[in-house]
Amino acid sequence: TSSMAYLLNWTAIFILGIYVSSAEIGIYNIAMRISLLTSISLFAVNSIAAPKFSELYSKNNIIDFQKIIFETSKLMFWTSCPFLLLFLFFPEFFLNIFGHSFVVGKWTLIFLTIGQFINACSGSVGYILQMTGQQKIFQYVIFTSTVINILLNLFLIPKYGILGASLSNLV
């Protein structure tokens with residue numbers, strides 16, 4: 001699962017390397033890094049909540065288990081919203097920090113940000129599945145996502161470049 005998740009994160013870069021210039025790959029990389037701020041709360045909450053999910057589930061404390069899932073999901077939504085709004089309404093400002101030539105990645109940043117926001121709002125699904133004995137389902141989800149991502153990248157990048165990569169990442 002970890003290998004597939006790693007491949008999922010790097011597929012676009014590998015395929016972009018075949019079809020676009022290194023300058024465009026740099027723009028994509030910066031847009032990706034900026035968009036990751038949208039889901040920073042997901043990483044922070046997961047590091048704290050994952051052991052709690054496991055503890056509550058193993059004690060069969062389903063009410064508190066559901067409560068913590070709801071609370072952490074709500075927290076991730078509200079902490080991700082400001083980043084979503086900033087990057088949707090002011091993408092040029094954030095890209096321009098890295099140089100005026102990065103501003104062409106405006107739509108790439110917007111699509112990647114929407115994808116990260118959806119990821120954050122989905123909550124700690126991966127950890128919940130793994131902590132509740134449903135790791136096989138999680139494995140299939142990651143595998144299917146990786147295959148779809150590879151296929152979309154192969155189809156969209158030759159036609160749309162970094163925008164295609166960001167669309168495939170969004171999906």
# chains A, B, ... in the order shown; residues from 1 in each chain; ligands from 1
call {"tool": "residues_around", "arguments": {"residues": "range 61-74 of chain A", "least_positions_apart": "4", "cutoff": "6 Å", "atoms": "only C-alpha atoms", "output": "PDB file with N, CA and C atoms, in the first residue's frame"}}
result
ATOM      1  N   LEU A  56      -9.844   3.259  20.528  1.00  0.00           N
ATOM      2  CA  LEU A  56     -11.297   3.235  20.713  1.00  0.00           C
ATOM      3  C   LEU A  56     -11.938   2.050  20.001  1.00  0.00           C
ATOM      4  N   TYR A  57     -11.442   1.737  18.813  1.00  0.00           N
ATOM      5  CA  TYR A  57     -12.013   0.609  18.070  1.00  0.00           C
ATOM      6  C   TYR A  57     -11.695  -0.713  18.777  1.00  0.00           C
ATOM      7  N   GLY A 123     -11.267  13.263   5.364  1.00  0.00           N
ATOM      8  CA  GLY A 123     -10.869  12.831   6.697  1.00  0.00           C
ATOM      9  C   GLY A 123      -9.817  11.743   6.678  1.00  0.00           C
TER      10      GLY A 123
END
call {"tool": "atom_distance", "arguments": {"atom1": "CA of Thr108 in chain A", "atom2": "CA of Leu163 in chain A"}}
result
5.2 Å
call {"tool": "closest_residue", "arguments": {"among": "A:Cys121, A:Leu167, A:Leu42, A:Val103", "to": "Pro91 in chain A", "atoms": "only C-alpha atoms"}}
result
A:Val103
call {"tool": "closest_residue", "arguments": {"among": "A:Asn29, A:Ser21, A:Ser41, A:Thr113", "to": "Val171 in chain A", "atoms": "only C-alpha atoms"}}
result
A:Thr113
call {"tool": "closest_residue", "arguments": {"among": "A:Thr1, A:Lys106, A:Pro51, A:Thr146", "to": "Phe93 in chain A", "atoms": "only C-alpha atoms"}}
result
A:Lys106
call {"tool": "atom_distance", "arguments": {"atom1": "CA of Ile27 in chain A", "atom2": "CA of Pro82 in chain A"}}
result
22.6 Å
call {"tool": "residues_around", "arguments": {"residues": "Leu151 in chain A", "least_positions_apart": "3", "cutoff": "12 Å", "atoms": "only C-alpha atoms", "output": "list in words"}}
result
Leu8, Thr11, Ala12, Ile15, Thr144, Ser145, Thr146, Val147, Ile148, Leu154, Phe155, Leu156, Ile157, Pro158, Gly164, Ala165, Ser168, Asn169 and Val171 of chain A
call {"tool": "closest_residue", "arguments": {"among": "A:Tyr6, A:Phe87, A:Trp78, A:Tyr19", "to": "Ile142 in chain A", "atoms": "only C-alpha atoms"}}
result
A:Tyr6
call {"tool": "select_by_dssp", "arguments": {"residues": "range 2-157 of chain A", "states": "alpha helix (DSSP H)", "output": "ChimeraX atom specification"}}
result
/A:2-19,22-36,40-58,62-89,91-96,106-121,125-131,135-157
call {"tool": "atom_distance", "arguments": {"atom1": "CA of Ser47 in chain A", "atom2": "CA of Gln135 in chain A"}}
result
17.8 Å
call {"tool": "residues_around", "arguments": {"residues": "Leu85 in chain A", "least_positions_apart": "5", "cutoff": "12 Å", "atoms": "only C-alpha atoms", "output": "PDB file with C-alpha atoms, in the first residue's frame"}}
result
ATOM      1  CA  SER A  35      -1.529  23.106  -2.702  1.00  0.00           C
ATOM      2  CA  LEU A  37      -0.794  23.420   2.527  1.00  0.00           C
ATOM      3  CA  THR A  38      -4.527  22.858   2.044  1.00  0.00           C
ATOM      4  CA  TRP A  78     -12.466  24.254   8.809  1.00  0.00           C
ATOM      5  CA  THR A  79      -8.673  24.422   8.901  1.00  0.00           C
ATOM      6  CA  SER A  80      -8.443  23.630   5.172  1.00  0.00           C
ATOM      7  CA  PHE A  90      -5.212  34.626  -5.183  1.00  0.00           C
ATOM      8  CA  PRO A  91      -3.263  31.904  -7.009  1.00  0.00           C
ATOM      9  CA  ILE A 110      -6.379  25.766  -8.470  1.00  0.00           C
ATOM     10  CA  THR A 113      -5.810  22.798  -4.335  1.00  0.00           C
ATOM     11  CA  ILE A 114      -9.338  21.518  -4.959  1.00  0.00           C
ATOM     12  CA  PHE A 117      -9.209  20.113  -0.139  1.00  0.00           C
TER      13      PHE A 117
END
call {"tool": "closest_residue", "arguments": {"among": "A:Ser166, A:Leu109, A:Cys81, A:Asn46", "to": "Ile128 in chain A", "atoms": "only C-alpha atoms"}}
result
A:Asn46
call {"tool": "decode", "arguments": {"residues": "range 95-118 of chain A", "atoms": "N, CA, C and O atoms", "output": "PDB file, in the first residue's frame"}}
result
ATOM      1  N   LEU A  95       1.951  32.065  -6.463  1.00  0.00           N
ATOM      2  CA  LEU A  95       2.906  31.577  -7.467  1.00  0.00           C
ATOM      3  C   LEU A  95       3.979  32.617  -7.764  1.00  0.00           C
ATOM      4  O   LEU A  95       5.137  32.277  -8.017  1.00  0.00           O
ATOM      5  N   ASN A  96       3.606  33.872  -7.727  1.00  0.00           N
ATOM      6  CA  ASN A  96       4.544  34.965  -8.013  1.00  0.00           C
ATOM      7  C   ASN A  96       5.662  35.056  -6.965  1.00  0.00           C
ATOM      8  O   ASN A  96       6.715  35.614  -7.237  1.00  0.00           O
ATOM      9  N   ILE A  97       5.440  34.487  -5.802  1.00  0.00           N
ATOM     10  CA  ILE A  97       6.487  34.450  -4.774  1.00  0.00           C
ATOM     11  C   ILE A  97       7.734  33.752  -5.328  1.00  0.00           C
ATOM     12  O   ILE A  97       8.856  34.103  -4.993  1.00  0.00           O
ATOM     13  N   PHE A  98       7.526  32.799  -6.210  1.00  0.00           N
ATOM     14  CA  PHE A  98       8.624  32.008  -6.767  1.00  0.00           C
ATOM     15  C   PHE A  98       9.145  32.585  -8.083  1.00  0.00           C
ATOM     16  O   PHE A  98      10.082  32.060  -8.661  1.00  0.00           O
ATOM     17  N   GLY A  99       8.505  33.641  -8.550  1.00  0.00           N
ATOM     18  CA  GLY A  99       8.924  34.292  -9.787  1.00  0.00           C
ATOM     19  C   GLY A  99       7.739  34.486 -10.715  1.00  0.00           C
ATOM     20  O   GLY A  99       6.784  33.701 -10.701  1.00  0.00           O
ATOM     21  N   HIS A 100       7.817  35.532 -11.506  1.00  0.00           N
ATOM     22  CA  HIS A 100       6.696  35.865 -12.385  1.00  0.00           C
ATOM     23  C   HIS A 100       6.376  34.746 -13.382  1.00  0.00           C
ATOM     24  O   HIS A 100       5.219  34.555 -13.763  1.00  0.00           O
ATOM     25  N   SER A 101       7.387  33.984 -13.792  1.00  0.00           N
ATOM     26  CA  SER A 101       7.153  32.924 -14.772  1.00  0.00           C
ATOM     27  C   SER A 101       6.307  31.777 -14.206  1.00  0.00           C
ATOM     28  O   SER A 101       5.770  30.966 -14.966  1.00  0.00           O
ATOM     29  N   PHE A 102       6.138  31.707 -12.885  1.00  0.00           N
ATOM     30  CA  PHE A 102       5.346  30.644 -12.278  1.00  0.00           C
ATOM     31  C   PHE A 102       3.845  30.926 -12.341  1.00  0.00           C
ATOM     32  O   PHE A 102       3.040  30.025 -12.141  1.00  0.00           O
ATOM     33  N   VAL A 103       3.474  32.157 -12.616  1.00  0.00           N
ATOM     34  CA  VAL A 103       2.062  32.549 -12.631  1.00  0.00           C
ATOM     35  C   VAL A 103       1.265  31.775 -13.685  1.00  0.00           C
ATOM     36  O   VAL A 103       0.063  31.574 -13.526  1.00  0.00           O
ATOM     37  N   VAL A 104       1.929  31.279 -14.713  1.00  0.00           N
ATOM     38  CA  VAL A 104       1.216  30.496 -15.737  1.00  0.00           C
ATOM     39  C   VAL A 104       0.631  29.212 -15.147  1.00  0.00           C
ATOM     40  O   VAL A 104      -0.231  28.586 -15.764  1.00  0.00           O
ATOM     41  N   GLY A 105       1.056  28.839 -13.953  1.00  0.00           N
ATOM     42  CA  GLY A 105       0.535  27.644 -13.294  1.00  0.00           C
ATOM     43  C   GLY A 105      -0.710  27.898 -12.463  1.00  0.00           C
ATOM     44  O   GLY A 105      -1.085  27.076 -11.630  1.00  0.00           O
ATOM     45  N   LYS A 106      -1.373  29.015 -12.717  1.00  0.00           N
ATOM     46  CA  LYS A 106      -2.564  29.411 -11.945  1.00  0.00           C
ATOM     47  C   LYS A 106      -3.601  28.289 -11.878  1.00  0.00           C
ATOM     48  O   LYS A 106      -4.034  27.899 -10.800  1.00  0.00           O
ATOM     49  N   TRP A 107      -4.013  27.776 -13.031  1.00  0.00           N
ATOM     50  CA  TRP A 107      -5.064  26.751 -13.049  1.00  0.00           C
ATOM     51  C   TRP A 107      -4.565  25.430 -12.491  1.00  0.00           C
ATOM     52  O   TRP A 107      -5.328  24.674 -11.880  1.00  0.00           O
ATOM     53  N   THR A 108      -3.289  25.177 -12.665  1.00  0.00           N
ATOM     54  CA  THR A 108      -2.697  23.979 -12.066  1.00  0.00           C
ATOM     55  C   THR A 108      -2.819  24.061 -10.550  1.00  0.00           C
ATOM     56  O   THR A 108      -3.251  23.101  -9.904  1.00  0.00           O
ATOM     57  N   LEU A 109      -2.473  25.205  -9.978  1.00  0.00           N
ATOM     58  CA  LEU A 109      -2.597  25.388  -8.535  1.00  0.00           C
ATOM     59  C   LEU A 109      -4.051  25.264  -8.096  1.00  0.00           C
ATOM     60  O   LEU A 109      -4.346  24.623  -7.082  1.00  0.00           O
ATOM     61  N   ILE A 110      -4.954  25.833  -8.838  1.00  0.00           N
ATOM     62  CA  ILE A 110      -6.379  25.766  -8.470  1.00  0.00           C
ATOM     63  C   ILE A 110      -6.872  24.325  -8.456  1.00  0.00           C
ATOM     64  O   ILE A 110      -7.503  23.875  -7.493  1.00  0.00           O
ATOM     65  N   PHE A 111      -6.575  23.561  -9.513  1.00  0.00           N
ATOM     66  CA  PHE A 111      -7.032  22.163  -9.567  1.00  0.00           C
ATOM     67  C   PHE A 111      -6.380  21.314  -8.480  1.00  0.00           C
ATOM     68  O   PHE A 111      -7.046  20.496  -7.841  1.00  0.00           O
ATOM     69  N   LEU A 112      -5.088  21.512  -8.262  1.00  0.00           N
ATOM     70  CA  LEU A 112      -4.404  20.750  -7.221  1.00  0.00           C
ATOM     71  C   LEU A 112      -4.943  21.097  -5.839  1.00  0.00           C
ATOM     72  O   LEU A 112      -5.103  20.216  -4.984  1.00  0.00           O
ATOM     73  N   THR A 113      -5.260  22.363  -5.615  1.00  0.00           N
ATOM     74  CA  THR A 113      -5.810  22.798  -4.335  1.00  0.00           C
ATOM     75  C   THR A 113      -7.184  22.178  -4.089  1.00  0.00           C
ATOM     76  O   THR A 113      -7.469  21.716  -2.981  1.00  0.00           O
ATOM     77  N   ILE A 114      -8.014  22.147  -5.107  1.00  0.00           N
ATOM     78  CA  ILE A 114      -9.338  21.518  -4.959  1.00  0.00           C
ATOM     79  C   ILE A 114      -9.173  20.045  -4.599  1.00  0.00           C
ATOM     80  O   ILE A 114      -9.854  19.529  -3.716  1.00  0.00           O
ATOM     81  N   GLY A 115      -8.246  19.381  -5.266  1.00  0.00           N
ATOM     82  CA  GLY A 115      -7.986  17.971  -4.958  1.00  0.00           C
ATOM     83  C   GLY A 115      -7.514  17.773  -3.525  1.00  0.00           C
ATOM     84  O   GLY A 115      -7.969  16.860  -2.823  1.00  0.00           O
ATOM     85  N   GLN A 116      -6.615  18.638  -3.061  1.00  0.00           N
ATOM     86  CA  GLN A 116      -6.127  18.534  -1.687  1.00  0.00           C
ATOM     87  C   GLN A 116      -7.232  18.848  -0.677  1.00  0.00           C
ATOM     88  O   GLN A 116      -7.295  18.241   0.396  1.00  0.00           O
ATOM     89  N   PHE A 117      -8.094  19.781  -1.025  1.00  0.00           N
ATOM     90  CA  PHE A 117      -9.209  20.113  -0.139  1.00  0.00           C
ATOM     91  C   PHE A 117     -10.149  18.912   0.001  1.00  0.00           C
ATOM     92  O   PHE A 117     -10.570  18.571   1.108  1.00  0.00           O
ATOM     93  N   ILE A 118     -10.455  18.269  -1.114  1.00  0.00           N
ATOM     94  CA  ILE A 118     -11.306  17.070  -1.071  1.00  0.00           C
ATOM     95  C   ILE A 118     -10.629  15.987  -0.230  1.00  0.00           C
ATOM     96  O   ILE A 118     -11.274  15.321   0.586  1.00  0.00           O
TER      97      ILE A 118
END
